[in-house]
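Containing JSON, C-alpha atoms and all ligand atoms: protein_39.json.
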```json
[["chain", "number", "residue", "atom", "x", "y", "z"],
["A", 680, "MET", "CA", 9.97, 76.25, 354.97],
["A", 681, "LYS", "CA", 11.19, 74.77, 358.26],
["A", 682, "ASN", "CA", 8.42, 74.36, 360.76],
["A", 683, "HIS", "CA", 9.08, 72.39, 363.93],
["A", 684, "PHE", "CA", 5.50, 72.54, 365.13],
["A", 685, "GLN", "CA", 3.79, 71.15, 362.05],
["A", 686, "THR", "CA", 1.20, 68.45, 362.56],
["A", 687, "PRO", "CA", 2.56, 65.02, 361.71],
["A", 688, "MET", "CA", 1.43, 63.90, 358.27],
["A", 689, "THR", "CA", 1.08, 60.41, 356.92],
["A", 690, "ILE", "CA", 3.21, 59.12, 354.07],
["A", 691, "GLN", "CA", 0.09, 59.08, 351.89],
["A", 692, "ALA", "CA", -0.78, 62.72, 352.71],
["A", 693, "LEU", "CA", 2.75, 63.84, 351.89],
["A", 694, "LYS", "CA", 2.64, 61.90, 348.68],
["A", 695, "ASN", "CA", -0.67, 63.49, 347.70],
["A", 696, "ASN", "CA", 0.78, 66.97, 348.29],
["A", 697, "ALA", "CA", 3.80, 66.20, 346.16],
["A", 698, "VAL", "CA", 1.69, 64.71, 343.36],
["A", 699, "LYS", "CA", -0.44, 67.85, 343.28],
["A", 700, "ILE", "CA", 2.65, 70.09, 343.14],
["A", 701, "PHE", "CA", 4.26, 68.00, 340.36],
["A", 702, "THR", "CA", 1.00, 67.92, 338.40],
["A", 703, "ASP", "CA", 0.75, 71.72, 338.64],
["A", 704, "CYS", "CA", 4.33, 71.92, 337.35],
["A", 705, "GLY", "CA", 3.21, 69.97, 334.29],
["A", 706, "PHE", "CA", 5.52, 67.01, 334.93],
["A", 707, "SER", "CA", 4.64, 63.89, 332.97],
["A", 708, "THR", "CA", 5.02, 61.34, 335.79],
["A", 709, "PRO", "CA", 3.91, 63.07, 339.04],
["A", 710, "GLN", "CA", 2.98, 59.82, 340.88],
["A", 711, "LEU", "CA", 6.22, 58.09, 340.00],
["A", 712, "ASP", "CA", 8.27, 61.16, 340.93],
["A", 713, "ALA", "CA", 6.60, 61.36, 344.35],
["A", 714, "ASP", "CA", 7.04, 57.62, 344.93],
["A", 715, "CYS", "CA", 10.73, 57.74, 344.01],
["A", 716, "LEU", "CA", 11.39, 60.65, 346.37],
["A", 717, "LEU", "CA", 9.58, 58.92, 349.24],
["A", 718, "GLN", "CA", 11.49, 55.68, 348.65],
["A", 719, "PHE", "CA", 14.72, 57.64, 348.59],
["A", 720, "LEU", "CA", 13.88, 59.58, 351.77],
["A", 721, "LEU", "CA", 12.90, 56.47, 353.71],
["A", 722, "ASN", "CA", 15.48, 54.22, 352.05],
["A", 723, "LYS", "CA", 12.78, 51.62, 351.44],
["A", 724, "ASP", "CA", 11.33, 49.96, 348.37],
["A", 725, "LYS", "CA", 8.00, 50.62, 346.68],
["A", 726, "THR", "CA", 6.15, 47.82, 348.49],
["A", 727, "TRP", "CA", 7.32, 48.96, 351.93],
["A", 728, "VAL", "CA", 6.18, 52.51, 351.25],
["A", 729, "LEU", "CA", 2.80, 51.30, 350.02],
["A", 730, "LEU", "CA", 2.26, 49.05, 353.04],
["A", 731, "HIS", "CA", 3.22, 51.86, 355.46],
["A", 732, "ARG", "CA", 1.29, 54.66, 353.78],
["A", 733, "ASP", "CA", -0.75, 55.40, 356.91],
["A", 734, "GLU", "CA", 2.34, 55.88, 359.06],
["A", 735, "LYS", "CA", 3.23, 59.38, 360.21],
["A", 736, "LEU", "CA", 6.61, 60.86, 359.49],
["A", 737, "THR", "CA", 8.69, 62.91, 361.93],
["A", 738, "SER", "CA", 8.91, 66.63, 361.32],
["A", 739, "ASP", "CA", 12.57, 66.22, 360.31],
["A", 740, "GLN", "CA", 11.54, 63.69, 357.69],
["A", 741, "GLN", "CA", 8.78, 65.98, 356.49],
["A", 742, "ASN", "CA", 11.21, 68.88, 356.15],
["A", 743, "GLU", "CA", 13.62, 66.67, 354.28],
["A", 744, "PHE", "CA", 10.85, 65.52, 351.97],
["A", 745, "ASN", "CA", 9.76, 69.10, 351.31],
["A", 746, "ALA", "CA", 13.34, 69.98, 350.41],
["A", 747, "LEU", "CA", 13.42, 67.11, 347.89],
["A", 748, "VAL", "CA", 10.12, 68.28, 346.41],
["A", 749, "GLU", "CA", 11.51, 71.82, 346.09],
["A", 750, "LYS", "CA", 14.52, 70.48, 344.17],
["A", 751, "ARG", "CA", 12.32, 68.51, 341.81],
["A", 752, "LYS", "CA", 10.17, 71.62, 341.25],
["A", 753, "THR", "CA", 13.17, 73.34, 339.63],
["A", 754, "GLY", "CA", 13.08, 70.67, 336.91],
["A", 755, "LEU", "CA", 16.03, 68.74, 338.30],
["A", 756, "PRO", "CA", 15.52, 65.08, 337.31],
["A", 757, "ILE", "CA", 14.87, 62.50, 340.04],
["A", 758, "ALA", "CA", 18.12, 60.70, 339.14],
["A", 759, "TYR", "CA", 20.21, 63.77, 340.01],
["A", 760, "ILE", "CA", 18.31, 64.21, 343.28],
["A", 761, "THR", "CA", 18.73, 60.60, 344.37],
["A", 762, "GLY", "CA", 22.15, 60.19, 342.71],
["A", 763, "LYS", "CA", 21.18, 56.95, 341.00],
["A", 764, "LYS", "CA", 19.62, 55.51, 337.87],
["A", 765, "GLU", "CA", 19.03, 51.95, 336.79],
["A", 766, "PHE", "CA", 20.30, 51.00, 333.35],
["A", 767, "TYR", "CA", 20.46, 47.50, 331.85],
["A", 768, "GLY", "CA", 19.54, 46.08, 335.26],
["A", 769, "ILE", "CA", 22.46, 47.82, 336.98],
["A", 770, "GLU", "CA", 22.26, 50.75, 339.40],
["A", 771, "TYR", "CA", 24.50, 53.62, 338.26],
["A", 772, "PHE", "CA", 25.68, 56.52, 340.38],
["A", 773, "VAL", "CA", 24.96, 59.79, 338.55],
["A", 774, "THR", "CA", 25.65, 63.49, 339.05],
["A", 775, "PRO", "CA", 24.91, 66.47, 336.78],
["A", 776, "ASP", "CA", 28.43, 65.92, 335.36],
["A", 777, "VAL", "CA", 27.10, 62.99, 333.34],
["A", 778, "LEU", "CA", 24.04, 62.28, 331.21],
["A", 779, "ILE", "CA", 21.41, 60.17, 332.89],
["A", 780, "PRO", "CA", 21.52, 56.71, 331.27],
["A", 781, "LYS", "CA", 18.48, 56.27, 329.00],
["A", 782, "PRO", "CA", 16.63, 53.15, 327.83],
["A", 783, "ASP", "CA", 17.31, 54.32, 324.24],
["A", 784, "THR", "CA", 20.93, 53.27, 324.73],
["A", 785, "GLU", "CA", 20.16, 49.69, 325.78],
["A", 786, "ILE", "CA", 20.20, 48.48, 322.15],
["A", 787, "LEU", "CA", 23.86, 49.53, 322.00],
["A", 788, "ILE", "CA", 24.69, 47.19, 324.88],
["A", 789, "GLU", "CA", 22.71, 44.28, 323.47],
["A", 790, "THR", "CA", 24.24, 44.62, 320.01],
["A", 791, "ALA", "CA", 27.79, 45.00, 321.33],
["A", 792, "VAL", "CA", 27.51, 41.98, 323.66],
["A", 793, "ASN", "CA", 26.21, 39.72, 320.86],
["A", 794, "LYS", "CA", 28.96, 40.79, 318.47],
["A", 795, "ILE", "CA", 31.69, 40.43, 321.10],
["A", 796, "LEU", "CA", 30.52, 36.93, 322.05],
["A", 797, "ASP", "CA", 30.57, 35.99, 318.35],
["A", 798, "LEU", "CA", 34.16, 37.15, 317.91],
["A", 799, "LYS", "CA", 35.62, 34.29, 320.00],
["A", 800, "LYS", "CA", 39.01, 35.92, 320.46],
["A", 801, "GLU", "CA", 41.36, 35.20, 323.38],
["A", 802, "THR", "CA", 41.66, 38.86, 324.38],
["A", 803, "VAL", "CA", 39.11, 41.44, 323.27],
["A", 804, "LYS", "CA", 40.05, 45.10, 323.51],
["A", 805, "ILE", "CA", 37.06, 47.41, 323.88],
["A", 806, "ILE", "CA", 36.92, 51.19, 324.26],
["A", 807, "ASP", "CA", 33.90, 53.25, 325.32],
["A", 808, "VAL", "CA", 34.49, 56.76, 323.99],
["A", 809, "CYS", "CA", 32.72, 59.68, 325.76],
["A", 810, "THR", "CA", 31.80, 57.27, 328.55],
["A", 811, "GLY", "CA", 30.11, 59.73, 330.96],
["A", 812, "SER", "CA", 28.73, 57.58, 333.80],
["A", 813, "GLY", "CA", 30.44, 54.57, 332.22],
["A", 814, "CYS", "CA", 27.06, 52.96, 331.56],
["A", 815, "VAL", "CA", 27.87, 51.72, 328.05],
["A", 816, "GLY", "CA", 31.26, 50.11, 328.65],
["A", 817, "LEU", "CA", 30.51, 48.87, 332.17],
["A", 818, "SER", "CA", 27.13, 47.34, 331.23],
["A", 819, "VAL", "CA", 28.75, 45.54, 328.29],
["A", 820, "LEU", "CA", 31.51, 44.21, 330.54],
["A", 821, "LYS", "CA", 29.06, 43.11, 333.26],
["A", 822, "GLU", "CA", 26.89, 41.31, 330.73],
["A", 823, "LEU", "CA", 29.90, 39.56, 329.15],
["A", 824, "LEU", "CA", 31.11, 38.38, 332.55],
["A", 825, "ASP", "CA", 27.59, 37.28, 333.54],
["A", 826, "LYS", "CA", 27.38, 35.28, 330.31],
["A", 827, "ASN", "CA", 30.71, 33.59, 331.11],
["A", 828, "CYS", "CA", 32.40, 35.04, 328.05],
["A", 829, "ASN", "CA", 35.55, 33.02, 327.33],
["A", 830, "SER", "CA", 37.62, 35.99, 326.17],
["A", 831, "LYS", "CA", 39.71, 38.15, 328.45],
["A", 832, "ILE", "CA", 38.25, 41.67, 328.23],
["A", 833, "GLU", "CA", 40.37, 44.80, 328.30],
["A", 834, "LEU", "CA", 38.03, 47.77, 328.64],
["A", 835, "THR", "CA", 39.06, 51.41, 328.29],
["A", 836, "LEU", "CA", 36.70, 54.25, 329.24],
["A", 837, "THR", "CA", 37.45, 57.76, 328.02],
["A", 838, "ASP", "CA", 35.95, 61.17, 328.62],
["A", 839, "ILE", "CA", 37.06, 64.74, 328.04],
["A", 840, "SER", "CA", 35.50, 65.68, 331.39],
["A", 841, "THR", "CA", 37.55, 64.77, 334.47],
["A", 842, "ALA", "CA", 34.42, 65.09, 336.61],
["A", 843, "ALA", "CA", 32.59, 62.58, 334.41],
["A", 844, "LEU", "CA", 35.51, 60.17, 334.52],
["A", 845, "LYS", "CA", 35.40, 60.23, 338.32],
["A", 846, "VAL", "CA", 31.75, 59.19, 338.15],
["A", 847, "ALA", "CA", 32.66, 56.35, 335.76],
["A", 848, "GLU", "CA", 35.44, 55.25, 338.10],
["A", 849, "LYS", "CA", 33.07, 55.16, 341.04],
["A", 850, "ASN", "CA", 30.61, 53.09, 339.02],
["A", 851, "ALA", "CA", 33.36, 50.66, 338.00],
["A", 852, "LYS", "CA", 34.20, 50.18, 341.68],
["A", 853, "ASN", "CA", 30.55, 49.89, 342.74],
["A", 854, "ILE", "CA", 29.80, 47.27, 340.10],
["A", 855, "PHE", "CA", 32.97, 45.19, 340.13],
["A", 856, "GLY", "CA", 34.68, 45.97, 343.43],
["A", 857, "ASP", "CA", 38.43, 46.50, 343.51],
["A", 858, "LYS", "CA", 39.33, 43.26, 341.79],
["A", 859, "LEU", "CA", 38.14, 42.01, 338.46],
["A", 860, "ILE", "CA", 38.55, 38.46, 337.27],
["A", 861, "GLY", "CA", 38.92, 37.90, 333.54],
["A", 862, "ALA", "CA", 38.90, 41.60, 332.76],
["A", 863, "GLU", "CA", 40.70, 44.88, 333.17],
["A", 864, "ILE", "CA", 39.39, 48.45, 333.19],
["A", 865, "LYS", "CA", 41.40, 51.52, 332.27],
["A", 866, "LEU", "CA", 40.21, 55.15, 332.47],
["A", 867, "LEU", "CA", 41.58, 57.87, 330.19],
["A", 868, "ASN", "CA", 40.88, 61.58, 330.33],
["A", 869, "GLY", "CA", 41.01, 63.40, 327.01],
["A", 870, "ASP", "CA", 39.61, 63.94, 323.55],
["A", 871, "LEU", "CA", 37.74, 61.00, 321.94],
["A", 872, "LEU", "CA", 40.05, 57.94, 321.83],
["A", 873, "CYS", "CA", 42.88, 59.83, 323.57],
["A", 874, "LYS", "CA", 45.18, 58.92, 320.66],
["A", 875, "THR", "CA", 45.03, 55.21, 321.52],
["A", 876, "SER", "CA", 44.44, 52.40, 319.02],
["A", 877, "GLY", "CA", 44.38, 48.63, 318.56],
["A", 878, "TYR", "CA", 40.76, 47.96, 319.52],
["A", 879, "ASP", "CA", 38.44, 45.16, 318.51],
["A", 880, "PHE", "CA", 35.36, 47.14, 319.51],
["A", 881, "ILE", "CA", 34.75, 50.84, 319.74],
["A", 882, "LEU", "CA", 31.52, 51.86, 321.43],
["A", 883, "SER", "CA", 30.25, 55.38, 321.85],
["A", 884, "ASN", "CA", 27.28, 57.52, 322.80],
["A", 885, "PRO", "CA", 28.90, 60.84, 321.84],
["A", 886, "PRO", "CA", 27.36, 64.31, 322.04],
["A", 887, "TYR", "CA", 25.09, 64.51, 319.00],
["A", 888, "VAL", "CA", 22.20, 66.84, 319.78],
["A", 889, "PRO", "CA", 22.04, 69.90, 317.47],
["A", 890, "HIS", "CA", 23.09, 73.09, 319.27],
["A", 891, "SER", "CA", 19.71, 74.85, 319.03],
["A", 892, "GLU", "CA", 17.91, 71.75, 320.31],
["A", 893, "VAL", "CA", 20.19, 71.59, 323.35],
["A", 894, "GLU", "CA", 19.10, 75.11, 324.24],
["A", 895, "GLU", "CA", 15.46, 73.99, 324.10],
["A", 896, "LEU", "CA", 16.09, 70.78, 326.05],
["A", 897, "LEU", "CA", 17.90, 72.46, 328.90],
["A", 898, "LYS", "CA", 15.20, 75.10, 329.37],
["A", 899, "ASP", "CA", 13.21, 72.69, 331.55],
["A", 900, "GLY", "CA", 15.89, 72.78, 334.27],
["A", 901, "ARG", "CA", 17.05, 69.21, 333.72],
["A", 902, "SER", "CA", 20.69, 70.28, 334.25],
["A", 903, "GLU", "CA", 22.22, 67.60, 332.04],
["A", 904, "PRO", "CA", 25.75, 68.54, 330.94],
["A", 905, "ARG", "CA", 25.78, 70.62, 327.76],
["A", 906, "LEU", "CA", 29.21, 69.16, 327.03],
["A", 907, "ALA", "CA", 27.71, 65.67, 326.77],
["A", 908, "LEU", "CA", 24.79, 66.70, 324.56],
["A", 909, "ASP", "CA", 25.89, 69.42, 322.14],
["A", 910, "GLY", "CA", 27.35, 67.79, 319.03],
["A", 911, "ASP", "CA", 28.00, 71.15, 317.38],
["A", 912, "THR", "CA", 30.27, 72.57, 320.07],
["A", 913, "ASP", "CA", 33.53, 70.69, 319.68],
["A", 914, "THR", "CA", 35.27, 71.68, 322.91],
["A", 915, "ALA", "CA", 38.46, 69.81, 322.04],
["A", 916, "LEU", "CA", 38.95, 72.02, 319.00],
["A", 917, "ASN", "CA", 38.09, 75.21, 320.82],
["A", 918, "ASP", "CA", 41.00, 77.54, 320.22],
["A", 919, "GLY", "CA", 39.93, 79.93, 322.93],
["A", 920, "LEU", "CA", 38.99, 82.53, 320.31],
["A", 921, "HIS", "CA", 35.40, 81.42, 320.01],
["A", 922, "SER", "CA", 32.73, 81.19, 322.63],
["A", 923, "ALA", "CA", 30.72, 78.01, 323.06],
["A", 924, "ASP", "CA", 27.80, 79.75, 321.34],
["A", 925, "ASP", "CA", 29.84, 80.52, 318.27],
["A", 926, "VAL", "CA", 28.96, 77.31, 316.45],
["A", 927, "GLN", "CA", 29.25, 76.90, 312.70],
["A", 928, "THR", "CA", 26.72, 74.12, 312.23],
["A", 929, "ASP", "CA", 23.42, 73.00, 313.69],
["A", 930, "ASP", "CA", 23.25, 69.36, 312.67],
["A", 931, "GLY", "CA", 24.89, 67.92, 315.78],
["A", 932, "LEU", "CA", 27.50, 66.10, 313.67],
["A", 933, "PRO", "CA", 30.92, 67.82, 314.00],
["A", 934, "ILE", "CA", 32.15, 65.64, 316.88],
["A", 935, "ILE", "CA", 30.75, 62.51, 315.21],
["A", 936, "ARG", "CA", 32.60, 63.37, 311.97],
["A", 937, "ARG", "CA", 35.93, 63.36, 313.83],
["A", 938, "LEU", "CA", 34.97, 60.31, 315.84],
["A", 939, "VAL", "CA", 33.99, 58.13, 312.86],
["A", 940, "LEU", "CA", 37.37, 58.70, 311.22],
["A", 941, "ALA", "CA", 39.34, 58.28, 314.46],
["A", 942, "ALA", "CA", 37.43, 55.07, 315.24],
["A", 943, "TYR", "CA", 38.17, 53.60, 311.82],
["A", 944, "GLU", "CA", 41.86, 54.31, 312.24],
["A", 945, "ALA", "CA", 42.01, 52.90, 315.78],
["A", 946, "LEU", "CA", 40.22, 49.62, 315.02],
["A", 947, "ASN", "CA", 41.93, 46.30, 314.41],
["A", 948, "SER", "CA", 41.04, 44.61, 311.18],
["A", 949, "GLY", "CA", 37.88, 42.53, 311.80],
["A", 950, "GLY", "CA", 36.81, 44.99, 314.51],
["A", 951, "SER", "CA", 33.56, 46.94, 314.78],
["A", 952, "PHE", "CA", 32.37, 50.40, 315.69],
["A", 953, "ILE", "CA", 28.96, 50.84, 317.30],
["A", 954, "MET", "CA", 27.72, 54.37, 317.87],
["A", 955, "GLU", "CA", 24.53, 56.02, 319.07],
["A", 956, "SER", "CA", 23.07, 59.05, 317.31],
["A", 957, "GLY", "CA", 19.77, 60.87, 316.86],
["A", 958, "GLU", "CA", 17.19, 59.03, 314.74],
["A", 959, "TYR", "CA", 17.19, 62.10, 312.51],
["A", 960, "GLN", "CA", 20.90, 61.58, 311.81],
["A", 961, "THR", "CA", 21.26, 57.87, 311.04],
["A", 962, "GLU", "CA", 21.07, 58.22, 307.27],
["A", 963, "THR", "CA", 23.92, 60.74, 307.27],
["A", 964, "VAL", "CA", 25.81, 58.73, 309.88],
["A", 965, "ARG", "CA", 25.68, 55.60, 307.68],
["A", 966, "ARG", "CA", 27.13, 57.64, 304.84],
["A", 967, "LEU", "CA", 29.91, 58.97, 307.11],
["A", 968, "PHE", "CA", 30.72, 55.37, 308.14],
["A", 969, "THR", "CA", 30.84, 54.17, 304.54],
["A", 970, "ASP", "CA", 32.88, 57.17, 303.38],
["A", 971, "VAL", "CA", 35.75, 56.38, 305.76],
["A", 972, "GLY", "CA", 35.82, 52.69, 304.78],
["A", 973, "PHE", "CA", 33.47, 50.82, 307.13],
["A", 974, "ILE", "CA", 31.68, 47.82, 305.63],
["A", 975, "ASN", "CA", 28.38, 46.08, 306.54],
["A", 976, "VAL", "CA", 27.05, 49.43, 307.75],
["A", 977, "ILE", "CA", 23.58, 49.19, 309.26],
["A", 978, "SER", "CA", 21.46, 51.02, 311.83],
["A", 979, "GLU", "CA", 19.38, 49.36, 314.53],
["A", 980, "LYS", "CA", 16.23, 50.62, 316.24],
["A", 981, "ASP", "CA", 15.90, 51.32, 319.95],
["A", 982, "LEU", "CA", 13.07, 50.10, 322.21],
["A", 983, "SER", "CA", 10.78, 52.88, 320.94],
["A", 984, "GLY", "CA", 11.33, 51.86, 317.34],
["A", 985, "MET", "CA", 13.67, 54.75, 316.45],
["A", 986, "GLU", "CA", 16.87, 54.14, 314.50],
["A", 987, "ARG", "CA", 19.35, 54.74, 317.30],
["A", 988, "ILE", "CA", 22.67, 53.06, 316.67],
["A", 989, "THR", "CA", 24.84, 52.53, 313.63],
["A", 990, "ILE", "CA", 27.25, 49.63, 313.28],
["A", 991, "GLY", "CA", 30.20, 49.30, 310.91],
["A", 992, "ASP", "CA", 32.90, 46.66, 310.54],
["A", 993, "LYS", "CA", 36.51, 47.15, 309.48],
["A", 994, "LYS", "CA", 37.71, 44.68, 306.86],
["A", 1001, "LIG", "N1", 19.04, 61.68, 323.45],
["A", 1001, "LIG", "C1", 20.16, 61.66, 324.31],
["A", 1001, "LIG", "C2", 19.81, 62.21, 325.67],
["A", 1001, "LIG", "O1", 18.91, 63.03, 325.82],
["A", 1001, "LIG", "C3", 21.32, 62.42, 323.70],
["A", 1001, "LIG", "C4", 22.56, 61.92, 324.21],
["A", 1001, "LIG", "C5", 23.76, 62.39, 323.42],
["A", 1001, "LIG", "O2", 23.90, 63.48, 322.88],
["A", 1001, "LIG", "N2", 24.66, 61.51, 323.37],
["A", 1001, "LIG", "O3", 20.39, 61.83, 326.64]]
```

Please go through the file and, once you have read it, give me the structure as structure tokens.
Amino acid sequence: MKNHFQTPMTIQALKNNAVKIFTDCGFSTPQLDADCLLQFLLNKDKTWVLLHRDEKLTSDQQNEFNALVEKRKTGLPIAYITGKKEFYGIEYFVTPDVLIPKPDTEILIETAVNKILDLKKETVKIIDVCTGSGCVGLSVLKELLDKNCNSKIELTLTDISTAALKVAEKNAKNIFGDKLIGAEIKLLNGDLLCKTSGYDFILSNPPYVPHSEVEELLKDGRSEPRLALDGDTDTALNDGLHSADDVQTDDGLPIIRRLVLAAYEALNSGGSFIMESGEYQTETVRRLFTDVGFINVISEKDLSGMERITIGDKK
């Protein structure tokens, strides 16, 4: 509520109010949430906010803060409120059109970078399929450039969502500016690999969450895009006769099944496919990889010890 005559409150008092509200909502990190919103409001870092906790805010600032708290109360994640999320040491711009980058995915970056550096090829063609914010492909590229990779990198980012691709484009510009030295970035809008081929590396964090689980997940108001999560609703195959709820499976794998085959076909010989999935799916995913012809198929664990990515090479 807007109140121009409210008594000025200190940063600490506002924080305490927010923490109480977030605790009552049952949020798991009420302190952190309140800190992030205050830092965002004041455009200052954690230390500044801590050192100035006894300062009073203007009533405009208080109203703005209350509006941020109201948004968070709906379940909207902090990253969508502030429009940013750090991933692999890089700040990504995010909107509800893309998934919020998660630490679970960092193993994908690490594994891809090590394999790409080992390849020692003059030009390495990489595609990040279902790129969303661009965090997979762009983090890999940034890391390769930071490590003075000797190869020229040609990176393609694809997404079926035009809105997501715009977010990825903005991130590419934010991270690398308008010019790139030793690399090239291309953005493609369409289904999976957009019918392109000739890649040395295919990377992907595709939608893989089982349909019924997506329903559960989204109940908390997190507003992440269903399109990016639901592995059972294959939008590209939707013939317009079925509704999105009319799914045939509930294992989250239909999009992955198409992707594994398409990736195998689009890879150069000696190339590799690295894909994220649910830890409950990796056994099946390894079988899908092997069935289409991938060799050296293994899964790797994420930072919480869950099997998160599967890797396969093409002979
Ligand atoms: N566990 C992932 C998340 O919640 C799922 C992402 C996906 O389907 N690719 O973001």

*asked:* Distance limit 9 Å, reference ligand LIG 1001 (chain A), atoms considered: all atoms listed in the file. Which residues make the cut? Give them as a ChimeraX atom specification.
replied: /A:778-781,783-784,809,883-889,893,896,903,905-910,931,955-957

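Comparing the minimum interatomic distances between Ser951 of chain A and each of A:Val803, A:Val846, A:Met985, A:Leu711, counting only C-alpha atoms, we find that A:Val803 sits nearest.
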
Counting all atoms listed in the file, the residue among A:Asp712, A:Asp929, A:Glu822, A:Asp807 that lies closest to Ile864 of chain A is A:Asp807

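Within the 10 Å cut-off around Ala843 of chain A, using all atoms listed in the file and omitting residues fewer than 2 positions from it on the same chain, the listed residues are Val773, Thr774, Pro775, Asp776, Val777, Leu778, Cys809, Thr810, Gly811, Ser812, Gly813, Thr837, Asp838, Ile839, Ser840, Thr841, Lys845, Val846, Ala847, Glu848, Lys849, Asn868, Pro904 and Ala907 of chain A.
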
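Of the listed residues A:Val808, A:Leu817, A:Ile977, A:Leu897, the one whose atoms come nearest to Asn853 of chain A is A:Leu817, with distances taken using only C-alpha atoms.
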
Selection near Thr708 of chain A, 12 Å with only C-alpha atoms, sequence-local residues under 4 positions removed, as a ChimeraX atom specification:
/A:697-704,712-715,751,756-757

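Comparing the minimum interatomic distances between Asn947 of chain A and each of A:Pro782, A:Gly877, A:Gly856, A:Gly768, counting only C-alpha atoms, we find that A:Gly877 sits nearest.
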
One decimal place gives the atom CA of Pro933 of chain A-atom CA of Asp913 of chain A separation as 6.9 Å

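The closest residue to Thr761 of chain A, picked from A:Gly972, A:Phe706, A:Asn722, A:Ile988 and counting only C-alpha atoms, is A:Asn722.
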
I'd like the neighbourhood of Lys826 of chain A as a ChimeraX atom specification, where a residue qualifies if any of its atoms comes within 12 Å (using only C-alpha atoms), though same-chain residues fewer than 3 positions away should be ignored. /A:792-793,795-796,819-823,829-830

Separating atom CA of Glu789 of chain A from atom CA of Ser902 of chain A, to the nearest tenth of an Å, is a gap of 28.2 Å

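Between atom CA of Leu844 of chain A and atom CA of Lys794 of chain A there is a distance of 26.0 Å.
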
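When all atoms listed in the file are used to measure the gap to Lys898 of chain A, the shortest distance among A:Thr961, A:Asn827, A:Ser876, A:Thr753 belongs to A:Thr753.
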
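With only C-alpha atoms taken into account, the protein and nucleic acid residues at most 10 Å from Leu946 of chain A (excluding it and anything under 6 positions from it in its own chain) are Lys804, Ile805, Ile806, Thr875, Ser876, Gly877, Tyr878, Asp879, Phe880, Ile881, Phe952, Asp992, Lys993 and Lys994 of chain A.
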
With only C-alpha atoms as the counted atoms, please give the residues lying no more than 10 Å from Leu729 of chain A, apart from itself and same-chain residues fewer than 5 positions off, as an MDAnalysis selection string. chainID A and resid 690:691 714 718 724
